[in-house]
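Here's run_36.txt, which has compact mmCIF, C-alpha atoms:
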# COMPACT_ATOMS: atom_id res chain seq x y z
CA MET A 1 -11.67 -114.97 -87.58
CA LYS A 2 -11.19 -117.68 -90.18
CA ILE A 3 -7.73 -117.81 -91.72
CA LEU A 4 -7.59 -119.14 -95.25
CA PRO A 5 -4.07 -119.95 -96.45
CA ALA A 6 -3.89 -119.63 -100.22
CA ILE A 7 -2.81 -121.95 -103.01
CA ASP A 8 -2.62 -120.53 -106.53
CA ILE A 9 -2.16 -123.24 -109.17
CA LYS A 10 -0.47 -122.72 -112.54
CA ASP A 11 0.95 -125.54 -114.68
CA LYS A 12 0.36 -127.96 -111.75
CA LYS A 13 2.64 -125.84 -109.50
CA CYS A 14 2.12 -123.44 -106.61
CA VAL A 15 2.75 -119.89 -107.81
CA ARG A 16 2.20 -116.36 -106.58
CA LEU A 17 1.54 -113.39 -108.84
CA VAL A 18 2.17 -109.72 -108.15
CA LYS A 19 -1.02 -107.70 -108.75
CA GLY A 20 -2.38 -110.59 -110.82
CA ASP A 21 0.34 -110.22 -113.47
CA PHE A 22 1.09 -113.58 -115.11
CA ASN A 23 4.42 -112.19 -116.30
CA ASN A 24 5.40 -111.38 -112.73
CA LYS A 25 5.09 -114.72 -111.01
CA THR A 26 7.10 -116.76 -108.54
CA GLU A 27 7.03 -120.55 -108.79
CA TYR A 28 7.53 -122.66 -105.68
CA GLU A 29 9.00 -126.15 -105.51
CA ILE A 30 6.21 -127.60 -103.40
CA SER A 31 3.19 -129.10 -105.20
CA PRO A 32 -0.37 -127.89 -104.47
CA VAL A 33 -1.23 -131.22 -102.79
CA GLU A 34 1.90 -131.07 -100.61
CA GLN A 35 1.13 -127.47 -99.69
CA ALA A 36 -2.44 -128.41 -98.72
CA GLU A 37 -1.07 -131.24 -96.57
CA LYS A 38 1.28 -128.79 -94.87
CA TYR A 39 -1.64 -126.49 -94.03
CA LYS A 40 -3.70 -129.41 -92.76
CA ASP A 41 -0.82 -130.71 -90.61
CA HIS A 42 -0.46 -127.28 -88.99
CA GLY A 43 -4.12 -127.30 -87.99
CA PHE A 44 -5.77 -125.06 -90.59
CA LYS A 45 -9.37 -125.91 -91.45
CA ASN A 46 -10.03 -123.59 -94.40
CA LEU A 47 -8.26 -123.20 -97.72
CA HIS A 48 -8.47 -120.66 -100.54
CA ILE A 49 -7.52 -122.07 -103.97
CA VAL A 50 -7.29 -120.24 -107.28
CA ASP A 51 -6.93 -122.16 -110.54
CA LEU A 52 -4.92 -119.64 -112.57
CA ASP A 53 -5.00 -121.94 -115.62
CA GLY A 54 -8.78 -121.89 -115.26
CA ALA A 55 -8.77 -118.10 -115.03
CA LEU A 56 -6.99 -117.98 -118.39
CA THR A 57 -9.00 -120.68 -120.16
CA GLY A 58 -12.44 -120.69 -118.52
CA GLU A 59 -12.14 -124.44 -117.93
CA THR A 60 -11.72 -126.53 -114.76
CA VAL A 61 -8.12 -127.28 -115.73
CA ASN A 62 -6.90 -128.48 -112.34
CA LEU A 63 -10.01 -130.34 -111.21
CA ASP A 64 -7.95 -133.48 -110.57
CA ILE A 65 -5.72 -131.61 -108.09
CA ILE A 66 -8.76 -130.18 -106.30
CA GLU A 67 -10.34 -133.64 -106.10
CA GLU A 68 -7.12 -135.07 -104.64
CA ILE A 69 -6.86 -132.31 -102.00
CA VAL A 70 -10.53 -132.72 -101.01
CA SER A 71 -10.30 -136.51 -100.79
CA LYS A 72 -7.05 -136.59 -98.80
CA PHE A 73 -7.57 -133.78 -96.32
CA ASP A 74 -10.60 -132.73 -94.32
CA LEU A 75 -10.44 -129.07 -95.31
CA LYS A 76 -13.16 -126.55 -96.16
CA ILE A 77 -12.13 -125.31 -99.58
CA GLU A 78 -13.21 -122.30 -101.58
CA ILE A 79 -12.14 -122.45 -105.22
CA GLY A 80 -12.12 -119.80 -107.93
CA GLY A 81 -10.53 -119.04 -111.26
CA GLY A 82 -12.43 -118.98 -114.54
CA VAL A 83 -15.71 -120.43 -113.31
CA ARG A 84 -18.03 -119.30 -116.10
CA ASN A 85 -20.85 -121.84 -116.32
CA PHE A 86 -23.08 -124.11 -114.25
CA ASP A 87 -21.20 -127.20 -115.41
CA SER A 88 -17.95 -125.98 -113.81
CA ILE A 89 -19.76 -125.10 -110.57
CA LYS A 90 -21.31 -128.58 -110.50
CA LYS A 91 -17.95 -130.28 -111.07
CA TYR A 92 -16.40 -128.47 -108.12
CA ILE A 93 -19.36 -129.10 -105.84
CA ASN A 94 -19.34 -132.78 -106.81
CA ALA A 95 -15.63 -132.81 -105.95
CA GLY A 96 -16.59 -131.74 -102.41
CA VAL A 97 -15.55 -128.09 -102.14
CA GLU A 98 -17.35 -125.85 -99.66
CA LYS A 99 -17.68 -122.75 -101.87
CA VAL A 100 -17.25 -121.95 -105.56
CA ILE A 101 -16.10 -118.39 -106.23
CA LEU A 102 -17.66 -116.48 -109.12
CA GLY A 103 -15.77 -113.39 -110.25
CA SER A 104 -15.68 -111.98 -113.79
CA ALA A 105 -18.63 -114.08 -115.01
CA ALA A 106 -20.82 -112.74 -112.19
CA ILE A 107 -19.80 -109.15 -112.86
CA LYS A 108 -20.38 -109.43 -116.61
CA ASN A 109 -23.65 -111.30 -116.18
CA LYS A 110 -25.65 -110.64 -113.01
CA LYS A 111 -28.32 -113.13 -114.16
CA PHE A 112 -25.71 -115.92 -114.07
CA LEU A 113 -24.84 -115.01 -110.48
CA LYS A 114 -28.49 -114.96 -109.44
CA GLU A 115 -29.27 -118.31 -111.08
CA ALA A 116 -26.11 -119.90 -109.64
CA CYS A 117 -27.10 -118.80 -106.12
CA GLU A 118 -30.58 -120.27 -106.67
CA LYS A 119 -29.32 -123.57 -108.14
CA PHE A 120 -26.53 -124.06 -105.60
CA PRO A 121 -27.73 -122.55 -102.30
CA ASN A 122 -25.02 -121.71 -99.76
CA LYS A 123 -22.31 -122.79 -102.21
CA ILE A 124 -21.62 -119.59 -104.15
CA ALA A 125 -19.05 -117.03 -103.06
CA LEU A 126 -18.77 -113.74 -104.91
CA GLY A 127 -15.23 -112.59 -105.69
CA LEU A 128 -14.94 -108.83 -106.06
CA ASP A 129 -11.52 -107.63 -107.18
CA ALA A 130 -11.13 -103.89 -107.23
CA LYS A 131 -8.62 -101.30 -108.30
CA ASN A 132 -9.12 -97.71 -107.16
CA GLY A 133 -12.76 -98.47 -106.29
CA TYR A 134 -13.64 -100.03 -109.66
CA LEU A 135 -14.16 -103.73 -110.29
CA SER A 136 -11.67 -105.53 -112.52
CA ILE A 137 -12.48 -108.58 -114.62
CA SER A 138 -10.85 -111.20 -116.86
CA GLY A 139 -7.88 -112.03 -114.69
CA TRP A 140 -7.63 -108.36 -113.70
CA LYS A 141 -6.76 -107.36 -117.27
CA GLU A 142 -9.93 -105.31 -117.82
CA ASN A 143 -11.64 -102.57 -115.86
CA SER A 144 -15.41 -103.14 -115.75
CA ASN A 145 -16.12 -99.41 -115.21
CA GLN A 146 -18.40 -100.46 -112.34
CA LEU A 147 -17.91 -99.09 -108.86
CA THR A 148 -17.60 -101.93 -106.36
CA LEU A 149 -20.23 -100.67 -103.94
CA ASP A 150 -22.72 -99.84 -106.73
CA TYR A 151 -22.44 -103.35 -108.15
CA LEU A 152 -22.71 -104.91 -104.70
CA LYS A 153 -25.91 -103.01 -103.93
CA GLU A 154 -27.43 -104.35 -107.17
CA VAL A 155 -26.68 -108.01 -106.39
CA ASN A 156 -26.89 -107.91 -102.60
CA ASN A 157 -30.13 -109.90 -102.45
CA TYR A 158 -29.15 -112.60 -104.94
CA GLY A 159 -28.09 -115.05 -102.24
CA ALA A 160 -24.29 -115.26 -102.37
CA SER A 161 -23.10 -116.95 -99.18
CA ARG A 162 -19.72 -115.24 -98.95
CA LEU A 163 -17.91 -112.27 -100.48
CA ILE A 164 -14.16 -112.19 -101.08
CA TYR A 165 -12.89 -108.64 -101.49
CA THR A 166 -9.45 -108.11 -103.01
CA ASP A 167 -7.67 -104.80 -103.47
CA ILE A 168 -5.58 -105.51 -106.59
CA ASN A 169 -3.11 -102.74 -105.83
CA ARG A 170 -2.20 -104.59 -102.63
CA ASP A 171 -2.22 -108.15 -103.96
CA GLY A 172 1.15 -109.87 -103.81
CA MET A 173 2.73 -106.63 -102.62
CA LYS A 174 2.76 -107.43 -98.90
CA GLN A 175 1.80 -103.83 -98.08
CA SER A 176 -1.12 -104.71 -95.76
CA PRO A 177 -4.73 -105.14 -96.91
CA ASN A 178 -6.99 -102.19 -97.63
CA PHE A 179 -8.87 -102.43 -94.32
CA GLU A 180 -10.76 -99.18 -94.82
CA GLU A 181 -12.28 -100.19 -98.16
CA THR A 182 -12.94 -103.76 -96.97
CA SER A 183 -14.87 -102.39 -93.98
CA LYS A 184 -17.05 -100.31 -96.34
CA VAL A 185 -17.75 -103.44 -98.39
CA ALA A 186 -18.56 -105.42 -95.23
CA ASP A 187 -20.93 -102.69 -94.02
CA THR A 188 -22.80 -102.88 -97.34
CA SER A 189 -22.74 -106.63 -97.94
CA ASN A 190 -25.62 -108.91 -96.94
CA CYS A 191 -23.21 -111.86 -96.61
CA PRO A 192 -19.95 -112.35 -94.64
CA VAL A 193 -16.79 -110.86 -96.15
CA ILE A 194 -13.28 -112.30 -96.49
CA ILE A 195 -10.32 -109.88 -96.61
CA SER A 196 -7.85 -110.56 -99.44
CA GLY A 197 -4.71 -108.99 -100.85
CA GLY A 198 -1.58 -107.62 -99.26
CA VAL A 199 -1.21 -109.50 -95.97
CA SER A 200 2.41 -108.97 -94.93
CA SER A 201 2.73 -109.98 -91.29
CA ILE A 202 0.99 -111.37 -88.23
CA GLY A 203 0.32 -107.71 -87.40
CA ASP A 204 -2.10 -107.54 -90.34
CA ILE A 205 -4.03 -110.52 -88.98
CA LYS A 206 -4.23 -108.91 -85.54
CA LYS A 207 -5.40 -105.64 -87.12
CA ALA A 208 -8.12 -107.49 -89.05
CA LYS A 209 -9.36 -108.99 -85.80
CA GLU A 210 -9.38 -105.56 -84.16
CA LEU A 211 -11.75 -104.16 -86.81
CA LYS A 212 -14.63 -105.56 -84.73
CA ASN A 213 -16.77 -105.69 -87.85
CA ASN A 214 -19.08 -108.64 -87.29
CA ASN A 215 -19.55 -109.08 -91.02
CA ILE A 216 -15.86 -109.77 -91.66
CA GLU A 217 -15.57 -113.55 -91.56
CA GLY A 218 -11.92 -114.17 -92.32
CA ILE A 219 -8.70 -113.29 -94.12
CA ILE A 220 -6.68 -114.89 -96.93
CA VAL A 221 -2.91 -115.23 -96.52
CA GLY A 222 -0.73 -116.12 -99.50
CA LYS A 223 2.64 -114.74 -100.51
CA ALA A 224 3.72 -113.89 -96.95
CA ILE A 225 3.54 -117.62 -96.11
CA TYR A 226 5.54 -118.72 -99.14
CA ASP A 227 8.18 -116.05 -98.62
CA GLY A 228 8.56 -116.93 -94.94
CA ASP A 229 7.31 -113.58 -93.59
CA ILE A 230 4.62 -115.42 -91.65
CA GLN A 231 5.29 -118.74 -89.95
CA LEU A 232 2.43 -121.24 -90.01
CA ASP A 233 2.89 -122.13 -86.33
CA GLU A 234 2.39 -118.48 -85.46
CA LEU A 235 -0.47 -117.96 -87.91
CA VAL A 236 -2.58 -120.91 -86.76
CA LYS A 237 -2.71 -119.43 -83.25
CA GLU A 238 -4.72 -116.49 -84.62
CA ILE A 239 -7.64 -118.71 -85.68
CA ASP A 240 -10.66 -118.30 -83.48
CA ALA A 241 -13.33 -119.92 -85.64
Hey, can you dump this file as structure tokens for me?
Amino acid sequence: MKILPAIDIKDKKCVRLVKGDFNNKTEYEISPVEQAEKYKDHGFKNLHIVDLDGALTGETVNLDIIEEIVSKFDLKIEIGGGVRNFDSIKKYINAGVEKVILGSAAIKNKKFLKEACEKFPNKIALGLDAKNGYLSISGWKENSNQLTLDYLKEVNNYGASRLIYTDINRDGMKQSPNFEETSKVADTSNCPVIISGGVSSIGDIKKAKELKNNNIEGIIVGKAIYDGDIQLDELVKEIDA
């Protein structure tokens, strides 16, 4: 089980949102680069980064921060947030990230997802964010009216190398991930799945590992780290890949 500690960047700071609401955010004193160093020093190998400024603007707003993190620390980074064109994907790949996450743009335009997977093999992760079974888009402000599993079946053969599934109702709430729904997604998906949203304790990590679903590759941990509910020393012991 890969464990991907999260860094959400807004206005050059680490923040956490509740259910993706920009009006309900917590800012933390530590900078994204310092937070990445902390993860690296504790022995983590993977990192999940979201550029929230990018999600709002559709530009690679914090590319300089990503470049600094990649150059300073030997971490496998997946990055998402407002990636809407090939130019943005290329910038991130040139910066040295492992995976670029496509979310809203891939849901609105399946052709873009397919072409991105063809142009950048093994570099594209698909971010599916769902509320009550339906995919949400545009920073979770819009409902796409598409059922998650229906959409996934349509794009399953496009070549995405990873799928990140987030239950929006759980995100930032620390109420445990939606394991049941994530397992359904993993059973359908042709590529490995990362669990996201709602991790509240080490118990959630242990439960994820007990799912015994070979297609679940890892889990993202965010707010519970920042709020001190999960200690990094304890969390790093749960890594087994």
Legend entry - Asp11 of chain A environment, 12 Å, only C-alpha atoms, sequence neighbours closer than 5 positions dropped, as a ChimeraX atom specification: /A:22,27-28,31-32,51-54,56,61-62,65
Wanna dump the segment 185-241 of chain A-segment 42-49 of chain A contacts at 7 Å for me, each residue with its shortest atom pair and the distance in Å to one decimal, counting only C-alpha atoms, ordered by chain and number, as JSON lines?
{"residue": "A:Leu232", "atom": "CA", "partner": "A:His42", "partner_atom": "CA", "distance": 6.8}
{"residue": "A:Asp233", "atom": "CA", "partner": "A:His42", "partner_atom": "CA", "distance": 6.7}
{"residue": "A:Val236", "atom": "CA", "partner": "A:Phe44", "partner_atom": "CA", "distance": 6.5}
Inset, instruction - Find the spatial neighbours of Ile137 of chain A, counting only C-alpha atoms, within a cut-off of 10 Å - ignore same-chain residues fewer than 4 positions away - and output them as a ChimeraX atom specification. - result: /A:103-108,128-130,141-145
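One distance worth recording is that between atom CA of Glu210 of chain A and atom CA of Leu163 of chain A, which is 19.6 Å.
For the pair atom CA of Gln175 of chain A and atom CA of Lys206 of chain A, the interatomic distance is 14.8 Å.
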Legend entry - Distance criterion (only C-alpha atoms): nearest to Asn24 of chain A out of A:Leu126, A:Ala186, A:Met173, A:Ile205: A:Met173
Legend entry - Counting all atoms listed in the file, the option among A:Phe179, A:Phe112, A:Phe73, A:Phe120 closest to Lys91 of chain A: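 Nearest candidate to Lys91 of chain A out of A:Phe179, A:Phe112, A:Phe73, A:Phe120: A:Phe120.
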Inset, instruction - May I ask for the distance between atom CA of Val221 of chain A and atom CA of Gln35 of chain A, given in Å to one decimal place? - result: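 It comes out at 13.3 Å.
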Legend entry - Spatial neighbours of Asp150 of chain A, 10 Å, only C-alpha atoms, chain gap at least 4 places, as a PyMOL selection string: chain A and resi 134+146+154-156+188
Inset, instruction - Find the residues near Asn85 of chain A: any atom within 12 Å, counting only C-alpha atoms, skip ones fewer than 3 places away on the same chain, and give them as a VMD selection string. - result: chain A and resid 58 to 60 81 to 82 88 to 92 100 to 106 109 111 to 113 115 to 116 119
Inset, instruction - Tell me which protein, DNA and RNA residues are within 9 Å of Gly133 of chain A, counting all atoms listed in the file, leaving out same-chain ones fewer than 3 positions away, and put them as an NGL selection string. - result: :A and (130 or 146-149 or 167 or 181)
Inset, instruction - Choose the residue, out of A:Ile30, A:Val50, A:Ile77, A:Met1, that has the smallest atom-to-atom separation from Leu17 of chain A; count only C-alpha atoms. - result: A:Val50
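Checking A:Lys110, A:Lys123, A:Gly222, A:Lys209 one by one against Glu98 of chain A, counting all atoms listed in the file, you find the shortest gap at A:Lys123.
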Inset, instruction - Find, counting only C-alpha atoms, the residue in A:Ile230, A:Glu37, A:Ala6, A:Gly20 that gets nearest to Ser136 of chain A. - result: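 Among A:Ile230, A:Glu37, A:Ala6, A:Gly20, it is A:Gly20 that comes nearest to Ser136 of chain A.
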Legend entry - Shortest interatomic distance to Leu135 of chain A - which of A:Val83, A:Ala160, A:Leu152, A:Ile194, counting all atoms listed in the file: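 Of all the options, A:Leu152 lies closest to Leu135 of chain A.
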Inset, instruction - May I have the residues at most 8 Å from (-2.9, -106.7, -106.1) in the file's coordinates, counting only C-alpha atoms, as a list in words? - result: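 Answer for this query, in the requested form: Val18, Lys19, Gly20, Thr166, Asp167, Ile168, Asn169, Arg170, Asp171, Gly172, Met173, Gly197 and Gly198 of chain A.
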Reconstruct segment 128-146 of chain A at the level of N, CA, C and O atoms, and format the result as a tab-separated table (two decimals), in the coordinates of the input.
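Listing of out_29.tsv after writing:
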chain	number	residue	atom	x	y	z
A	128	LEU	N	-15.01	-110.20	-105.53
A	128	LEU	CA	-14.94	-108.83	-106.06
A	128	LEU	C	-13.51	-108.34	-105.95
A	128	LEU	O	-12.96	-108.21	-104.85
A	129	ASP	N	-12.91	-108.08	-107.11
A	129	ASP	CA	-11.52	-107.63	-107.18
A	129	ASP	C	-11.53	-106.20	-107.69
A	129	ASP	O	-12.01	-105.94	-108.80
A	130	ALA	N	-11.00	-105.30	-106.89
A	130	ALA	CA	-11.13	-103.89	-107.23
A	130	ALA	C	-9.79	-103.17	-107.31
A	130	ALA	O	-8.84	-103.51	-106.62
A	131	LYS	N	-9.78	-102.18	-108.18
A	131	LYS	CA	-8.62	-101.30	-108.30
A	131	LYS	C	-9.14	-99.88	-108.28
A	131	LYS	O	-9.96	-99.49	-109.13
A	132	ASN	N	-8.69	-99.11	-107.30
A	132	ASN	CA	-9.12	-97.71	-107.16
A	132	ASN	C	-10.65	-97.58	-107.12
A	132	ASN	O	-11.22	-96.65	-107.70
A	133	GLY	N	-11.30	-98.54	-106.47
A	133	GLY	CA	-12.76	-98.47	-106.29
A	133	GLY	C	-13.58	-99.11	-107.39
A	133	GLY	O	-14.78	-99.31	-107.23
A	134	TYR	N	-12.92	-99.43	-108.52
A	134	TYR	CA	-13.64	-100.03	-109.66
A	134	TYR	C	-13.33	-101.52	-109.78
A	134	TYR	O	-12.19	-101.95	-109.57
A	135	LEU	N	-14.35	-102.29	-110.15
A	135	LEU	CA	-14.16	-103.73	-110.29
A	135	LEU	C	-13.34	-104.06	-111.52
A	135	LEU	O	-13.53	-103.47	-112.59
A	136	SER	N	-12.44	-105.03	-111.38
A	136	SER	CA	-11.67	-105.53	-112.52
A	136	SER	C	-12.16	-106.92	-112.87
A	136	SER	O	-12.64	-107.67	-112.01
A	137	ILE	N	-12.01	-107.28	-114.14
A	137	ILE	CA	-12.48	-108.58	-114.62
A	137	ILE	C	-11.43	-109.22	-115.52
A	137	ILE	O	-10.40	-108.61	-115.84
A	138	SER	N	-11.71	-110.46	-115.92
A	138	SER	CA	-10.85	-111.20	-116.86
A	138	SER	C	-9.40	-111.27	-116.40
A	138	SER	O	-8.48	-110.79	-117.06
A	139	GLY	N	-9.23	-111.89	-115.22
A	139	GLY	CA	-7.88	-112.03	-114.69
A	139	GLY	C	-7.22	-110.70	-114.41
A	139	GLY	O	-6.01	-110.55	-114.50
A	140	TRP	N	-8.07	-109.71	-114.08
A	140	TRP	CA	-7.63	-108.36	-113.70
A	140	TRP	C	-7.05	-107.57	-114.88
A	140	TRP	O	-6.45	-106.53	-114.71
A	141	LYS	N	-7.30	-108.07	-116.09
A	141	LYS	CA	-6.76	-107.36	-117.27
A	141	LYS	C	-7.69	-106.26	-117.75
A	141	LYS	O	-7.29	-105.39	-118.50
A	142	GLU	N	-8.96	-106.31	-117.35
A	142	GLU	CA	-9.93	-105.31	-117.82
A	142	GLU	C	-10.59	-104.60	-116.63
A	142	GLU	O	-10.86	-105.22	-115.61
A	143	ASN	N	-10.86	-103.33	-116.84
A	143	ASN	CA	-11.64	-102.57	-115.86
A	143	ASN	C	-13.10	-102.63	-116.29
A	143	ASN	O	-13.42	-102.37	-117.45
A	144	SER	N	-13.99	-102.99	-115.38
A	144	SER	CA	-15.41	-103.14	-115.75
A	144	SER	C	-16.14	-101.81	-115.80
A	144	SER	O	-17.29	-101.75	-116.23
A	145	ASN	N	-15.49	-100.74	-115.33
A	145	ASN	CA	-16.12	-99.41	-115.21
A	145	ASN	C	-17.28	-99.40	-114.23
A	145	ASN	O	-18.11	-98.50	-114.26
A	146	GLN	N	-17.35	-100.42	-113.37
A	146	GLN	CA	-18.40	-100.46	-112.34
A	146	GLN	C	-17.77	-100.22	-110.98
A	146	GLN	O	-16.79	-100.86	-110.63
